[in-house]
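Raw contents of coords02.json, JSON, C-alpha atoms and all ligand atoms:
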```json
[["chain", "number", "residue", "atom", "x", "y", "z"],
["A", 1, "MET", "CA", 63.54, 139.58, 58.08],
["A", 2, "LYS", "CA", 65.79, 136.76, 57.29],
["A", 3, "ARG", "CA", 68.82, 138.82, 58.27],
["A", 4, "LYS", "CA", 67.18, 139.74, 61.58],
["A", 5, "LEU", "CA", 66.50, 136.08, 62.36],
["A", 6, "LYS", "CA", 70.10, 135.30, 61.61],
["A", 7, "SER", "CA", 71.32, 137.94, 64.02],
["A", 8, "ILE", "CA", 68.90, 136.71, 66.69],
["A", 9, "ILE", "CA", 70.22, 133.16, 66.27],
["A", 10, "PHE", "CA", 73.76, 134.50, 66.43],
["A", 11, "ALA", "CA", 72.93, 136.38, 69.60],
["A", 12, "ILE", "CA", 71.43, 133.24, 71.14],
["A", 13, "ILE", "CA", 74.57, 131.28, 70.26],
["A", 14, "LEU", "CA", 76.67, 134.01, 71.83],
["A", 15, "ILE", "CA", 74.62, 133.92, 75.01],
["A", 16, "MET", "CA", 74.84, 130.13, 75.14],
["A", 17, "ALA", "CA", 78.58, 130.28, 74.57],
["A", 18, "SER", "CA", 79.09, 132.87, 77.27],
["A", 19, "ASN", "CA", 76.97, 130.75, 79.65],
["A", 20, "LEU", "CA", 79.09, 127.79, 78.74],
["A", 21, "PHE", "CA", 82.22, 129.66, 79.68],
["A", 22, "ALA", "CA", 80.63, 130.97, 82.80],
["A", 23, "PHE", "CA", 79.44, 127.49, 83.71],
["A", 24, "SER", "CA", 82.81, 125.88, 83.14],
["A", 25, "ALA", "CA", 84.49, 128.49, 85.31],
["A", 26, "PHE", "CA", 81.85, 128.00, 87.99],
["A", 27, "ALA", "CA", 82.24, 124.23, 87.88],
["A", 28, "ALA", "CA", 86.02, 124.23, 88.13],
["A", 29, "SER", "CA", 87.18, 121.99, 90.92],
["A", 30, "ASP", "CA", 89.13, 123.45, 93.78],
["A", 31, "PRO", "CA", 92.75, 122.41, 93.07],
["A", 32, "SER", "CA", 93.63, 122.51, 96.76],
["A", 33, "THR", "CA", 95.30, 119.62, 98.45],
["A", 34, "GLY", "CA", 95.97, 118.71, 102.04],
["A", 35, "CYS", "CA", 96.74, 116.16, 104.68],
["A", 36, "VAL", "CA", 95.65, 115.17, 108.16],
["A", 37, "ASP", "CA", 98.85, 114.28, 109.98],
["A", 38, "PHE", "CA", 97.30, 113.33, 113.30],
["A", 39, "LEU", "CA", 93.83, 112.74, 114.59],
["A", 40, "ASN", "CA", 93.57, 112.17, 118.31],
["A", 41, "GLN", "CA", 92.32, 114.76, 120.80],
["A", 42, "ASN", "CA", 93.27, 117.24, 118.09],
["A", 43, "ILE", "CA", 93.13, 117.20, 114.36],
["A", 44, "THR", "CA", 96.42, 118.37, 112.89],
["A", 45, "GLY", "CA", 97.49, 118.86, 109.29],
["A", 46, "TRP", "CA", 97.68, 121.32, 106.42],
["A", 47, "VAL", "CA", 95.72, 122.51, 103.38],
["A", 48, "TYR", "CA", 97.17, 124.36, 100.43],
["A", 49, "ASN", "CA", 96.13, 125.69, 97.04],
["A", 50, "PRO", "CA", 99.12, 125.52, 94.65],
["A", 51, "SER", "CA", 97.47, 128.01, 92.28],
["A", 52, "ASN", "CA", 97.41, 130.60, 95.07],
["A", 53, "PRO", "CA", 100.44, 129.76, 97.21],
["A", 54, "ASN", "CA", 100.19, 132.54, 99.80],
["A", 55, "LYS", "CA", 96.48, 132.16, 100.49],
["A", 56, "SER", "CA", 95.55, 130.50, 103.75],
["A", 57, "ILE", "CA", 92.53, 128.42, 102.86],
["A", 58, "GLN", "CA", 90.08, 126.60, 105.10],
["A", 59, "VAL", "CA", 89.75, 123.08, 106.33],
["A", 60, "HIS", "CA", 86.24, 121.76, 106.99],
["A", 61, "VAL", "CA", 85.78, 118.73, 109.22],
["A", 62, "TYR", "CA", 82.63, 116.59, 109.43],
["A", 63, "ILE", "CA", 82.02, 113.75, 111.88],
["A", 64, "TYR", "CA", 79.27, 111.25, 111.11],
["A", 65, "ARG", "CA", 77.63, 108.23, 112.66],
["A", 66, "GLN", "CA", 77.72, 105.03, 110.62],
["A", 67, "ASP", "CA", 74.25, 105.78, 109.25],
["A", 68, "GLY", "CA", 75.61, 109.00, 107.77],
["A", 69, "SER", "CA", 73.94, 111.34, 110.24],
["A", 70, "LEU", "CA", 76.02, 114.29, 111.28],
["A", 71, "VAL", "CA", 77.43, 114.53, 114.81],
["A", 72, "TRP", "CA", 79.66, 117.59, 114.52],
["A", 73, "CYS", "CA", 81.30, 119.83, 111.98],
["A", 74, "THR", "CA", 83.44, 122.90, 111.85],
["A", 75, "GLY", "CA", 85.55, 124.99, 109.49],
["A", 76, "VAL", "CA", 88.72, 126.92, 110.29],
["A", 77, "THR", "CA", 91.25, 128.86, 108.29],
["A", 78, "ALA", "CA", 94.54, 127.01, 108.15],
["A", 79, "SER", "CA", 97.03, 129.79, 108.72],
["A", 80, "ASN", "CA", 99.58, 128.32, 111.14],
["A", 81, "PHE", "CA", 103.12, 128.71, 109.87],
["A", 82, "ARG", "CA", 104.78, 125.38, 109.10],
["A", 83, "GLN", "CA", 108.48, 125.35, 108.40],
["A", 84, "ASP", "CA", 108.23, 122.06, 106.50],
["A", 85, "LEU", "CA", 105.72, 123.56, 104.05],
["A", 86, "TYR", "CA", 107.75, 126.73, 103.69],
["A", 87, "ASN", "CA", 110.83, 124.63, 102.94],
["A", 88, "LEU", "CA", 108.88, 122.96, 100.14],
["A", 89, "GLY", "CA", 108.44, 126.37, 98.57],
["A", 90, "TRP", "CA", 104.75, 126.50, 99.35],
["A", 91, "GLY", "CA", 104.35, 130.25, 99.48],
["A", 92, "ASN", "CA", 104.61, 131.80, 102.92],
["A", 93, "GLY", "CA", 104.14, 128.45, 104.65],
["A", 94, "ASN", "CA", 101.01, 129.64, 106.47],
["A", 95, "HIS", "CA", 98.92, 126.56, 105.73],
["A", 96, "GLY", "CA", 98.90, 124.49, 108.91],
["A", 97, "PHE", "CA", 96.01, 123.76, 111.24],
["A", 98, "SER", "CA", 95.61, 122.10, 114.62],
["A", 99, "PHE", "CA", 92.53, 122.35, 116.75],
["A", 100, "SER", "CA", 90.74, 120.19, 119.27],
["A", 101, "ILE", "CA", 87.65, 118.13, 118.60],
["A", 102, "PRO", "CA", 85.22, 118.19, 121.54],
["A", 103, "TRP", "CA", 84.87, 114.40, 121.73],
["A", 104, "ASP", "CA", 83.74, 114.56, 125.36],
["A", 105, "THR", "CA", 80.69, 116.64, 124.45],
["A", 106, "PHE", "CA", 79.32, 114.14, 121.94],
["A", 107, "ASP", "CA", 76.15, 112.26, 122.89],
["A", 108, "TRP", "CA", 77.83, 108.84, 122.89],
["A", 109, "GLY", "CA", 74.60, 107.08, 123.76],
["A", 110, "SER", "CA", 73.34, 108.01, 120.32],
["A", 111, "ILE", "CA", 76.42, 106.66, 118.54],
["A", 112, "PRO", "CA", 76.07, 102.90, 117.88],
["A", 113, "GLY", "CA", 79.26, 101.00, 118.59],
["A", 114, "TYR", "CA", 80.97, 104.30, 119.43],
["A", 115, "LEU", "CA", 81.94, 104.34, 115.77],
["A", 116, "LEU", "CA", 82.37, 107.62, 113.93],
["A", 117, "ASP", "CA", 83.67, 108.57, 110.52],
["A", 118, "VAL", "CA", 85.73, 111.71, 110.12],
["A", 119, "THR", "CA", 86.01, 113.50, 106.79],
["A", 120, "ALA", "CA", 88.04, 116.64, 106.08],
["A", 121, "TYR", "CA", 87.98, 118.90, 103.03],
["A", 122, "ALA", "CA", 90.39, 121.54, 101.75],
["A", 123, "VAL", "CA", 88.19, 124.55, 101.04],
["A", 124, "ASP", "CA", 89.22, 127.51, 98.92],
["A", 125, "ASP", "CA", 86.07, 129.64, 98.90],
["A", 126, "ALA", "CA", 86.84, 130.77, 95.34],
["A", 127, "TYR", "CA", 85.59, 127.36, 94.17],
["A", 128, "PRO", "CA", 82.29, 125.55, 94.66],
["A", 129, "TYR", "CA", 83.57, 121.97, 94.94],
["A", 130, "HIS", "CA", 86.28, 120.96, 97.35],
["A", 131, "PRO", "CA", 88.60, 117.98, 97.52],
["A", 132, "THR", "CA", 88.48, 115.46, 100.33],
["A", 133, "ILE", "CA", 91.82, 115.32, 102.10],
["A", 134, "PHE", "CA", 90.96, 112.76, 104.77],
["A", 135, "ASN", "CA", 88.35, 110.06, 105.19],
["A", 136, "SER", "CA", 88.58, 107.72, 108.15],
["A", 137, "THR", "CA", 86.83, 104.89, 106.29],
["A", 138, "SER", "CA", 89.65, 104.72, 103.77],
["A", 139, "ILE", "CA", 92.40, 104.34, 106.33],
["A", 140, "GLN", "CA", 90.92, 101.87, 108.81],
["A", 141, "ASN", "CA", 93.46, 99.72, 110.57],
["A", 142, "PRO", "CA", 93.67, 96.08, 109.62],
["A", 143, "VAL", "CA", 92.55, 93.81, 112.43],
["A", 144, "HIS", "CA", 93.44, 90.23, 113.30],
["A", 145, "ALA", "CA", 91.11, 87.47, 112.20],
["A", 146, "GLY", "CA", 91.14, 86.07, 115.73],
["A", 147, "SER", "CA", 89.91, 87.98, 118.77],
["A", 148, "LEU", "CA", 90.75, 88.49, 122.40],
["A", 149, "THR", "CA", 88.16, 86.59, 124.46],
["A", 150, "TRP", "CA", 89.15, 88.17, 127.77],
["A", 151, "PRO", "CA", 86.39, 90.66, 128.72],
["A", 152, "ILE", "CA", 87.37, 93.97, 127.22],
["A", 153, "SER", "CA", 85.85, 95.83, 130.16],
["A", 154, "ASP", "CA", 88.08, 94.01, 132.68],
["A", 155, "ILE", "CA", 91.58, 94.44, 131.27],
["A", 156, "HIS", "CA", 94.67, 94.31, 133.49],
["A", 157, "TYR", "CA", 98.35, 93.78, 132.84],
["A", 158, "TYR", "CA", 100.95, 91.97, 134.92],
["A", 159, "LEU", "CA", 104.63, 92.91, 135.04],
["A", 160, "TYR", "CA", 107.30, 90.23, 135.13],
["A", 161, "ASP", "CA", 109.82, 93.05, 134.84],
["A", 162, "THR", "CA", 109.17, 96.48, 136.31],
["A", 163, "THR", "CA", 111.90, 98.34, 134.36],
["A", 164, "TYR", "CA", 109.34, 100.12, 132.20],
["A", 165, "ALA", "CA", 106.49, 100.26, 134.72],
["A", 166, "THR", "CA", 105.86, 103.97, 134.13],
["A", 167, "GLU", "CA", 105.87, 103.78, 130.33],
["A", 168, "ILE", "CA", 103.65, 100.69, 130.44],
["A", 169, "GLN", "CA", 101.18, 102.39, 132.75],
["A", 170, "ASN", "CA", 101.13, 105.44, 130.48],
["A", 171, "ALA", "CA", 100.52, 103.27, 127.43],
["A", 172, "ALA", "CA", 97.67, 101.39, 129.13],
["A", 173, "THR", "CA", 96.05, 104.59, 130.35],
["A", 174, "ASN", "CA", 96.35, 106.07, 126.87],
["A", 175, "TRP", "CA", 94.46, 103.08, 125.44],
["A", 176, "ALA", "CA", 91.69, 103.35, 128.03],
["A", 177, "TYR", "CA", 91.40, 107.12, 127.68],
["A", 178, "THR", "CA", 92.48, 107.90, 124.14],
["A", 179, "GLY", "CA", 90.90, 111.35, 124.13],
["A", 180, "CYS", "CA", 89.53, 110.62, 120.67],
["A", 181, "GLY", "CA", 86.28, 108.85, 121.37],
["A", 182, "TRP", "CA", 84.98, 106.09, 123.56],
["A", 183, "ASN", "CA", 85.97, 102.47, 123.83],
["A", 184, "LYS", "CA", 85.21, 99.69, 126.31],
["A", 185, "LEU", "CA", 88.77, 99.14, 127.49],
["A", 186, "LEU", "CA", 88.60, 99.25, 131.28],
["A", 187, "PRO", "CA", 90.37, 99.72, 133.56],
["A", 188, "CYS", "CA", 93.54, 98.77, 131.68],
["A", 189, "ASP", "CA", 95.63, 98.93, 134.84],
["A", 190, "ARG", "CA", 98.28, 96.90, 136.61],
["A", 191, "THR", "CA", 97.34, 93.78, 138.51],
["A", 192, "TYR", "CA", 99.54, 91.98, 141.00],
["A", 193, "ALA", "CA", 97.66, 88.71, 140.44],
["A", 194, "ASN", "CA", 98.93, 86.96, 137.35],
["A", 195, "ASN", "CA", 95.69, 85.03, 136.83],
["A", 196, "ASN", "CA", 93.85, 88.35, 136.52],
["A", 197, "SER", "CA", 96.04, 89.52, 133.64],
["A", 198, "ALA", "CA", 95.17, 89.71, 129.95],
["A", 199, "MET", "CA", 98.66, 91.01, 129.19],
["A", 200, "ASP", "CA", 101.76, 89.52, 130.78],
["A", 201, "ILE", "CA", 104.70, 91.81, 130.16],
["A", 202, "PHE", "CA", 108.31, 90.61, 129.96],
["A", 203, "SER", "CA", 111.55, 92.09, 128.76],
["A", 204, "TYR", "CA", 114.54, 90.48, 127.10],
["A", 205, "SER", "CA", 117.70, 91.71, 125.45],
["A", 206, "ASP", "CA", 118.69, 90.59, 121.97],
["A", 207, "SER", "CA", 121.04, 92.56, 119.74],
["A", 208, "THR", "CA", 120.30, 90.41, 116.71],
["A", 209, "ASP", "CA", 116.53, 89.97, 116.29],
["A", 210, "GLY", "CA", 115.89, 93.57, 115.22],
["A", 211, "ASN", "CA", 112.59, 93.76, 117.12],
["A", 212, "ASN", "CA", 111.50, 96.37, 119.61],
["A", 213, "GLY", "CA", 109.11, 93.83, 120.96],
["A", 214, "TYR", "CA", 106.67, 91.15, 119.98],
["A", 215, "THR", "CA", 103.44, 89.67, 121.25],
["A", 216, "TYR", "CA", 102.46, 86.02, 121.69],
["A", 217, "PHE", "CA", 98.86, 84.84, 121.98],
["A", 218, "PHE", "CA", 97.59, 82.01, 124.16],
["A", 219, "THR", "CA", 94.48, 79.98, 124.90],
["A", 220, "ALA", "CA", 93.15, 79.74, 128.45],
["A", 221, "ASN", "CA", 95.15, 76.51, 128.71],
["A", 222, "GLY", "CA", 98.37, 78.32, 127.87],
["A", 223, "ASN", "CA", 98.72, 76.94, 124.34],
["A", 224, "GLN", "CA", 100.21, 79.40, 121.89],
["A", 225, "VAL", "CA", 97.93, 80.25, 118.96],
["A", 226, "TYR", "CA", 98.02, 82.68, 116.04],
["A", 227, "PRO", "CA", 95.37, 85.36, 115.53],
["A", 228, "TRP", "CA", 96.27, 85.64, 111.85],
["A", 229, "LEU", "CA", 95.86, 82.78, 109.38],
["A", 230, "PRO", "CA", 95.33, 80.05, 110.43],
["A", 231, "PHE", "CA", 93.58, 82.15, 112.98],
["A", 232, "SER", "CA", 92.37, 81.46, 116.48],
["A", 233, "ASP", "CA", 90.79, 83.44, 119.22],
["A", 234, "TYR", "CA", 92.99, 83.84, 122.27],
["A", 235, "ARG", "CA", 92.42, 84.37, 125.98],
["A", 236, "TYR", "CA", 95.50, 86.35, 126.89],
["A", 237, "SER", "CA", 98.85, 87.50, 125.51],
["A", 238, "SER", "CA", 102.43, 88.06, 126.47],
["A", 239, "ILE", "CA", 104.20, 91.23, 125.45],
["A", 240, "ASN", "CA", 107.97, 90.93, 125.20],
["A", 241, "LEU", "CA", 110.03, 94.12, 125.11],
["A", 242, "ASN", "CA", 113.52, 94.06, 123.65],
["A", 243, "ASN", "CA", 115.52, 96.02, 126.17],
["A", 244, "TYR", "CA", 118.50, 96.08, 123.80],
["A", 245, "ASN", "CA", 116.65, 98.18, 121.22],
["A", 246, "ILE", "CA", 114.20, 100.28, 123.17],
["A", 247, "SER", "CA", 116.43, 101.43, 126.03],
["A", 248, "THR", "CA", 118.97, 102.98, 123.67],
["A", 249, "ASN", "CA", 116.50, 104.89, 121.51],
["A", 250, "PRO", "CA", 117.15, 108.64, 121.76],
["A", 251, "ASN", "CA", 113.42, 109.29, 122.09],
["A", 252, "SER", "CA", 113.04, 107.09, 125.15],
["A", 253, "PRO", "CA", 110.99, 107.05, 127.36],
["A", 254, "ASN", "CA", 108.40, 108.24, 124.80],
["A", 255, "TYR", "CA", 109.68, 105.65, 122.38],
["A", 256, "VAL", "CA", 109.21, 102.88, 124.94],
["A", 257, "GLN", "CA", 105.64, 104.02, 125.51],
["A", 258, "SER", "CA", 104.94, 103.94, 121.77],
["A", 259, "VAL", "CA", 106.35, 100.40, 121.51],
["A", 260, "VAL", "CA", 104.22, 99.22, 124.43],
["A", 261, "SER", "CA", 101.12, 100.92, 122.98],
["A", 262, "HIS", "CA", 101.78, 99.19, 119.66],
["A", 263, "GLU", "CA", 102.08, 95.76, 121.27],
["A", 264, "MET", "CA", 98.97, 96.36, 123.39],
["A", 265, "GLY", "CA", 97.14, 97.15, 120.16],
["A", 266, "HIS", "CA", 98.02, 93.64, 118.95],
["A", 267, "VAL", "CA", 96.53, 92.21, 122.16],
["A", 268, "PHE", "CA", 93.30, 94.13, 121.47],
["A", 269, "GLY", "CA", 93.10, 92.54, 118.02],
["A", 270, "LEU", "CA", 94.78, 95.09, 115.76],
["A", 271, "ASP", "CA", 97.23, 94.06, 113.06],
["A", 272, "GLU", "CA", 100.12, 96.08, 111.64],
["A", 273, "ASN", "CA", 99.02, 99.31, 109.91],
["A", 274, "ASN", "CA", 102.13, 100.17, 107.94],
["A", 275, "ASN", "CA", 100.27, 102.31, 105.39],
["A", 276, "ASN", "CA", 99.60, 104.98, 108.00],
["A", 277, "THR", "CA", 102.71, 106.30, 109.75],
["A", 278, "SER", "CA", 100.52, 108.26, 112.19],
["A", 279, "SER", "CA", 98.88, 105.08, 113.48],
["A", 280, "ILE", "CA", 100.35, 103.57, 116.61],
["A", 281, "MET", "CA", 99.99, 100.25, 114.76],
["A", 282, "CYS", "CA", 102.53, 101.28, 112.12],
["A", 283, "GLN", "CA", 105.74, 99.39, 112.79],
["A", 284, "ALA", "CA", 108.71, 101.51, 113.80],
["A", 285, "GLY", "CA", 110.67, 100.08, 110.88],
["A", 286, "HIS", "CA", 107.98, 101.33, 108.51],
["A", 287, "GLY", "CA", 108.27, 104.90, 109.70],
["A", 288, "ARG", "CA", 105.95, 105.19, 112.69],
["A", 289, "LEU", "CA", 106.55, 108.74, 113.75],
["A", 290, "ALA", "CA", 109.06, 108.54, 116.52],
["A", 291, "ASP", "CA", 108.04, 111.39, 118.76],
["A", 292, "PHE", "CA", 105.15, 110.08, 120.72],
["A", 293, "ARG", "CA", 101.62, 111.24, 119.99],
["A", 294, "GLY", "CA", 99.81, 108.27, 121.37],
["A", 295, "VAL", "CA", 96.86, 106.18, 120.26],
["A", 296, "GLN", "CA", 95.18, 107.77, 117.26],
["A", 297, "PHE", "CA", 91.53, 107.98, 116.20],
["A", 298, "VAL", "CA", 92.02, 105.20, 113.65],
["A", 299, "ASP", "CA", 93.50, 102.96, 116.33],
["A", 300, "ASN", "CA", 90.63, 103.56, 118.73],
["A", 301, "TYR", "CA", 88.21, 103.09, 115.83],
["A", 302, "ALA", "CA", 89.75, 99.74, 114.93],
["A", 303, "CYS", "CA", 89.67, 98.68, 118.58],
["A", 304, "ASN", "CA", 85.94, 99.42, 118.71],
["A", 305, "ILE", "CA", 85.33, 97.44, 115.52],
["A", 306, "LYS", "CA", 87.28, 94.51, 116.93],
["A", 307, "ASN", "CA", 85.75, 94.70, 120.41],
["A", 308, "PRO", "CA", 82.14, 95.89, 119.94],
["B", 401, "ZN", "ZN", 103.46, 95.01, 115.44]]
```
Transcribe the structure of this file into structure tokens.
Amino acid sequence: MKRKLKSIIFAIILIMASNLFAFSAFAASDPSTGCVDFLNQNITGWVYNPSNPNKSIQVHVYIYRQDGSLVWCTGVTASNFRQDLYNLGWGNGNHGFSFSIPWDTFDWGSIPGYLLDVTAYAVDDAYPYHPTIFNSTSIQNPVHAGSLTWPISDIHYYLYDTTYATEIQNAATNWAYTGCGWNKLLPCDRTYANNNSAMDIFSYSDSTDGNNGYTYFFTANGNQVYPWLPFSDYRYSSINLNNYNISTNPNSPNYVQSVVSHEMGHVFGLDENNNNTSSIMCQAGHGRLADFRGVQFVDNYACNIKNP
């Protein structure tokens, strides 16, 4: 009897131990990793599981309102070949993804402030828990302390120099119609009346200052103020483009457009965003990606925060 009890206890311990092993295997975290390179009309990036280098795993994307309610989600297998990943020795390199988000189909009337959070997960279905590879709330752009007081729904620019008229128009249109969610920037077009302009655009040529351009901020009386500390609100701005630097860039005219978009972002209240090389608000000298992909989700998001 005693021996039987012992064997029963032993059996129970065995079962518990096997459950423990089973549980620990079941609870193992997905070791996958990933990155969202760009988020605009499309979401572009890669996901990869280093413990299974040739497996194309999935990326799952969720878009939420600020109250946490879901607006949209999807999951796709990331199997696009990417030479850069292959060159890193990441298996067959078939780990890229790029697909469009149907921003235009969202019920924007039900989205307070037009603010959305985007979260993406790398998902290897061999595991129950999956790592977050992107979370818009963790990469929000910094914004100026001071704000543009010109009505955001009546924005025009005025050209003192028409050299870059096309690139400037493209940059302005890109801000008004980012393709990655709504904002109130309208119409963001050219005016021929200087007193109707929130953005006066000049060019200069300086081989020594190292800038592509810079933006000054003014009160309605024309006094220069600073939107960072000590901060002030401002009524309009001047954007000054350094012809010496931007005209010689091998990626012009796209490069010129990206410089203008960056400076316009300052007018709309956004600060430098040098931690995110995809953001149009990353300075060129800090690695803003040179080939032009336009205003990103995080830039539009920051604009909506700054100009509710
Ligand atoms: Zn800047």
List every residue of chain A that has an atom at most 12 Å from any atom of ligand ZN 401 (chain B), giving for each one its closest atom pair and the distance in Å to one decimal, counting all atoms listed in the file, sorted by chain and then by ascending residue number, as JSON lines.
```
{"residue": "A:Pro142", "atom": "CA", "partner": "B:ZN401", "partner_atom": "ZN", "distance": 11.4}
{"residue": "A:Val143", "atom": "CA", "partner": "B:ZN401", "partner_atom": "ZN", "distance": 11.4}
{"residue": "A:His144", "atom": "CA", "partner": "B:ZN401", "partner_atom": "ZN", "distance": 11.3}
{"residue": "A:Asn211", "atom": "CA", "partner": "B:ZN401", "partner_atom": "ZN", "distance": 9.4}
{"residue": "A:Asn212", "atom": "CA", "partner": "B:ZN401", "partner_atom": "ZN", "distance": 9.2}
{"residue": "A:Gly213", "atom": "CA", "partner": "B:ZN401", "partner_atom": "ZN", "distance": 8.0}
{"residue": "A:Tyr214", "atom": "CA", "partner": "B:ZN401", "partner_atom": "ZN", "distance": 6.8}
{"residue": "A:Thr215", "atom": "CA", "partner": "B:ZN401", "partner_atom": "ZN", "distance": 7.9}
{"residue": "A:Tyr216", "atom": "CA", "partner": "B:ZN401", "partner_atom": "ZN", "distance": 11.0}
{"residue": "A:Ile239", "atom": "CA", "partner": "B:ZN401", "partner_atom": "ZN", "distance": 10.7}
{"residue": "A:Asn240", "atom": "CA", "partner": "B:ZN401", "partner_atom": "ZN", "distance": 11.5}
{"residue": "A:Leu241", "atom": "CA", "partner": "B:ZN401", "partner_atom": "ZN", "distance": 11.7}
{"residue": "A:Ser258", "atom": "CA", "partner": "B:ZN401", "partner_atom": "ZN", "distance": 11.0}
{"residue": "A:Val259", "atom": "CA", "partner": "B:ZN401", "partner_atom": "ZN", "distance": 8.6}
{"residue": "A:Val260", "atom": "CA", "partner": "B:ZN401", "partner_atom": "ZN", "distance": 10.0}
{"residue": "A:Ser261", "atom": "CA", "partner": "B:ZN401", "partner_atom": "ZN", "distance": 9.9}
{"residue": "A:His262", "atom": "CA", "partner": "B:ZN401", "partner_atom": "ZN", "distance": 6.2}
{"residue": "A:Glu263", "atom": "CA", "partner": "B:ZN401", "partner_atom": "ZN", "distance": 6.0}
{"residue": "A:Met264", "atom": "CA", "partner": "B:ZN401", "partner_atom": "ZN", "distance": 9.2}
{"residue": "A:Gly265", "atom": "CA", "partner": "B:ZN401", "partner_atom": "ZN", "distance": 8.2}
{"residue": "A:His266", "atom": "CA", "partner": "B:ZN401", "partner_atom": "ZN", "distance": 6.6}
{"residue": "A:Val267", "atom": "CA", "partner": "B:ZN401", "partner_atom": "ZN", "distance": 10.1}
{"residue": "A:Phe268", "atom": "CA", "partner": "B:ZN401", "partner_atom": "ZN", "distance": 11.8}
{"residue": "A:Gly269", "atom": "CA", "partner": "B:ZN401", "partner_atom": "ZN", "distance": 11.0}
{"residue": "A:Leu270", "atom": "CA", "partner": "B:ZN401", "partner_atom": "ZN", "distance": 8.7}
{"residue": "A:Asp271", "atom": "CA", "partner": "B:ZN401", "partner_atom": "ZN", "distance": 6.7}
{"residue": "A:Glu272", "atom": "CA", "partner": "B:ZN401", "partner_atom": "ZN", "distance": 5.2}
{"residue": "A:Asn273", "atom": "CA", "partner": "B:ZN401", "partner_atom": "ZN", "distance": 8.3}
{"residue": "A:Asn274", "atom": "CA", "partner": "B:ZN401", "partner_atom": "ZN", "distance": 9.2}
{"residue": "A:Ser279", "atom": "CA", "partner": "B:ZN401", "partner_atom": "ZN", "distance": 11.2}
{"residue": "A:Ile280", "atom": "CA", "partner": "B:ZN401", "partner_atom": "ZN", "distance": 9.2}
{"residue": "A:Met281", "atom": "CA", "partner": "B:ZN401", "partner_atom": "ZN", "distance": 6.3}
{"residue": "A:Cys282", "atom": "CA", "partner": "B:ZN401", "partner_atom": "ZN", "distance": 7.2}
{"residue": "A:Gln283", "atom": "CA", "partner": "B:ZN401", "partner_atom": "ZN", "distance": 5.6}
{"residue": "A:Ala284", "atom": "CA", "partner": "B:ZN401", "partner_atom": "ZN", "distance": 8.5}
{"residue": "A:Gly285", "atom": "CA", "partner": "B:ZN401", "partner_atom": "ZN", "distance": 9.9}
{"residue": "A:His286", "atom": "CA", "partner": "B:ZN401", "partner_atom": "ZN", "distance": 10.4}
{"residue": "A:Arg288", "atom": "CA", "partner": "B:ZN401", "partner_atom": "ZN", "distance": 10.8}
```
Got time to write the residues from that selection, C-alpha atoms, as a compact mmCIF listing (two decimals), in the coordinates of the input?
```
# COMPACT_ATOMS: atom_id res chain seq x y z
CA PRO A 142 93.67 96.08 109.62
CA VAL A 143 92.55 93.81 112.43
CA HIS A 144 93.44 90.23 113.30
CA ASN A 211 112.59 93.76 117.12
CA ASN A 212 111.50 96.37 119.61
CA GLY A 213 109.11 93.83 120.96
CA TYR A 214 106.67 91.15 119.98
CA THR A 215 103.44 89.67 121.25
CA TYR A 216 102.46 86.02 121.69
CA ILE A 239 104.20 91.23 125.45
CA ASN A 240 107.97 90.93 125.20
CA LEU A 241 110.03 94.12 125.11
CA SER A 258 104.94 103.94 121.77
CA VAL A 259 106.35 100.40 121.51
CA VAL A 260 104.22 99.22 124.43
CA SER A 261 101.12 100.92 122.98
CA HIS A 262 101.78 99.19 119.66
CA GLU A 263 102.08 95.76 121.27
CA MET A 264 98.97 96.36 123.39
CA GLY A 265 97.14 97.15 120.16
CA HIS A 266 98.02 93.64 118.95
CA VAL A 267 96.53 92.21 122.16
CA PHE A 268 93.30 94.13 121.47
CA GLY A 269 93.10 92.54 118.02
CA LEU A 270 94.78 95.09 115.76
CA ASP A 271 97.23 94.06 113.06
CA GLU A 272 100.12 96.08 111.64
CA ASN A 273 99.02 99.31 109.91
CA ASN A 274 102.13 100.17 107.94
CA SER A 279 98.88 105.08 113.48
CA ILE A 280 100.35 103.57 116.61
CA MET A 281 99.99 100.25 114.76
CA CYS A 282 102.53 101.28 112.12
CA GLN A 283 105.74 99.39 112.79
CA ALA A 284 108.71 101.51 113.80
CA GLY A 285 110.67 100.08 110.88
CA HIS A 286 107.98 101.33 108.51
CA ARG A 288 105.95 105.19 112.69
```
What separation in Å, quoted to one decimal, exists between atom CA of A:Asn300 and atom CA of A:Phe231?
-> 22.4 Å
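Comparing the minimum interatomic distances between A:Pro187 and each of A:Asn254, A:Ser153, A:Asn223, A:Ser136, counting only C-alpha atoms, we find that A:Ser153 sits nearest.
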Near-A:Tyr234 list (9 Å; all atoms listed in the file; drop same-chain fewer than 5 positions) as a VMD selection string = chain A and resid 146 to 150 217 to 220 224 to 227
Please tell me which residues are no farther than 10 Å from (96.4, 105.1, 125.1) in the file, counting all atoms listed in the file, and write them as a list in words.
->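 With a cut-off of 10 Å, the residues come to Gln169, Asn170, Ala171, Ala172, Thr173, Asn174, Trp175, Ala176, Tyr177, Thr178, Gly179, Cys180, Leu185, Cys188, Gln257, Ser258, Val260, Ser261, His262, Met264, Gly265, Ile280, Arg293, Gly294, Val295, Gln296, Asp299 and Asn300 of chain A.
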Of the listed residues A:Leu159, A:Leu85, A:Ile139, A:Leu229, that which approaches A:Val298 most closely, counting only C-alpha atoms |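 The shortest atom-to-atom distance to A:Val298 comes from A:Ile139.
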Which polymer residues have any atom within 8 Å of an atom of stretch 72-77 of chain A, counting only C-alpha atoms, with same-chain residues fewer than 3 positions away left out, as a count of residues only?
-> 10
List every protein, DNA or RNA residue with an atom no more than 10 Å from (85.2, 120.8, 96.7) in the file's coordinates, counting all atoms listed in the file, and format the result as a list in words.
->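 With a cut-off of 10 Å, the residues come to Ala27, Ala28, Ser29, Asp30, Pro31, Ser32, Tyr121, Ala122, Val123, Asp124, Asp125, Tyr127, Pro128, Tyr129, His130, Pro131 and Thr132 of chain A.
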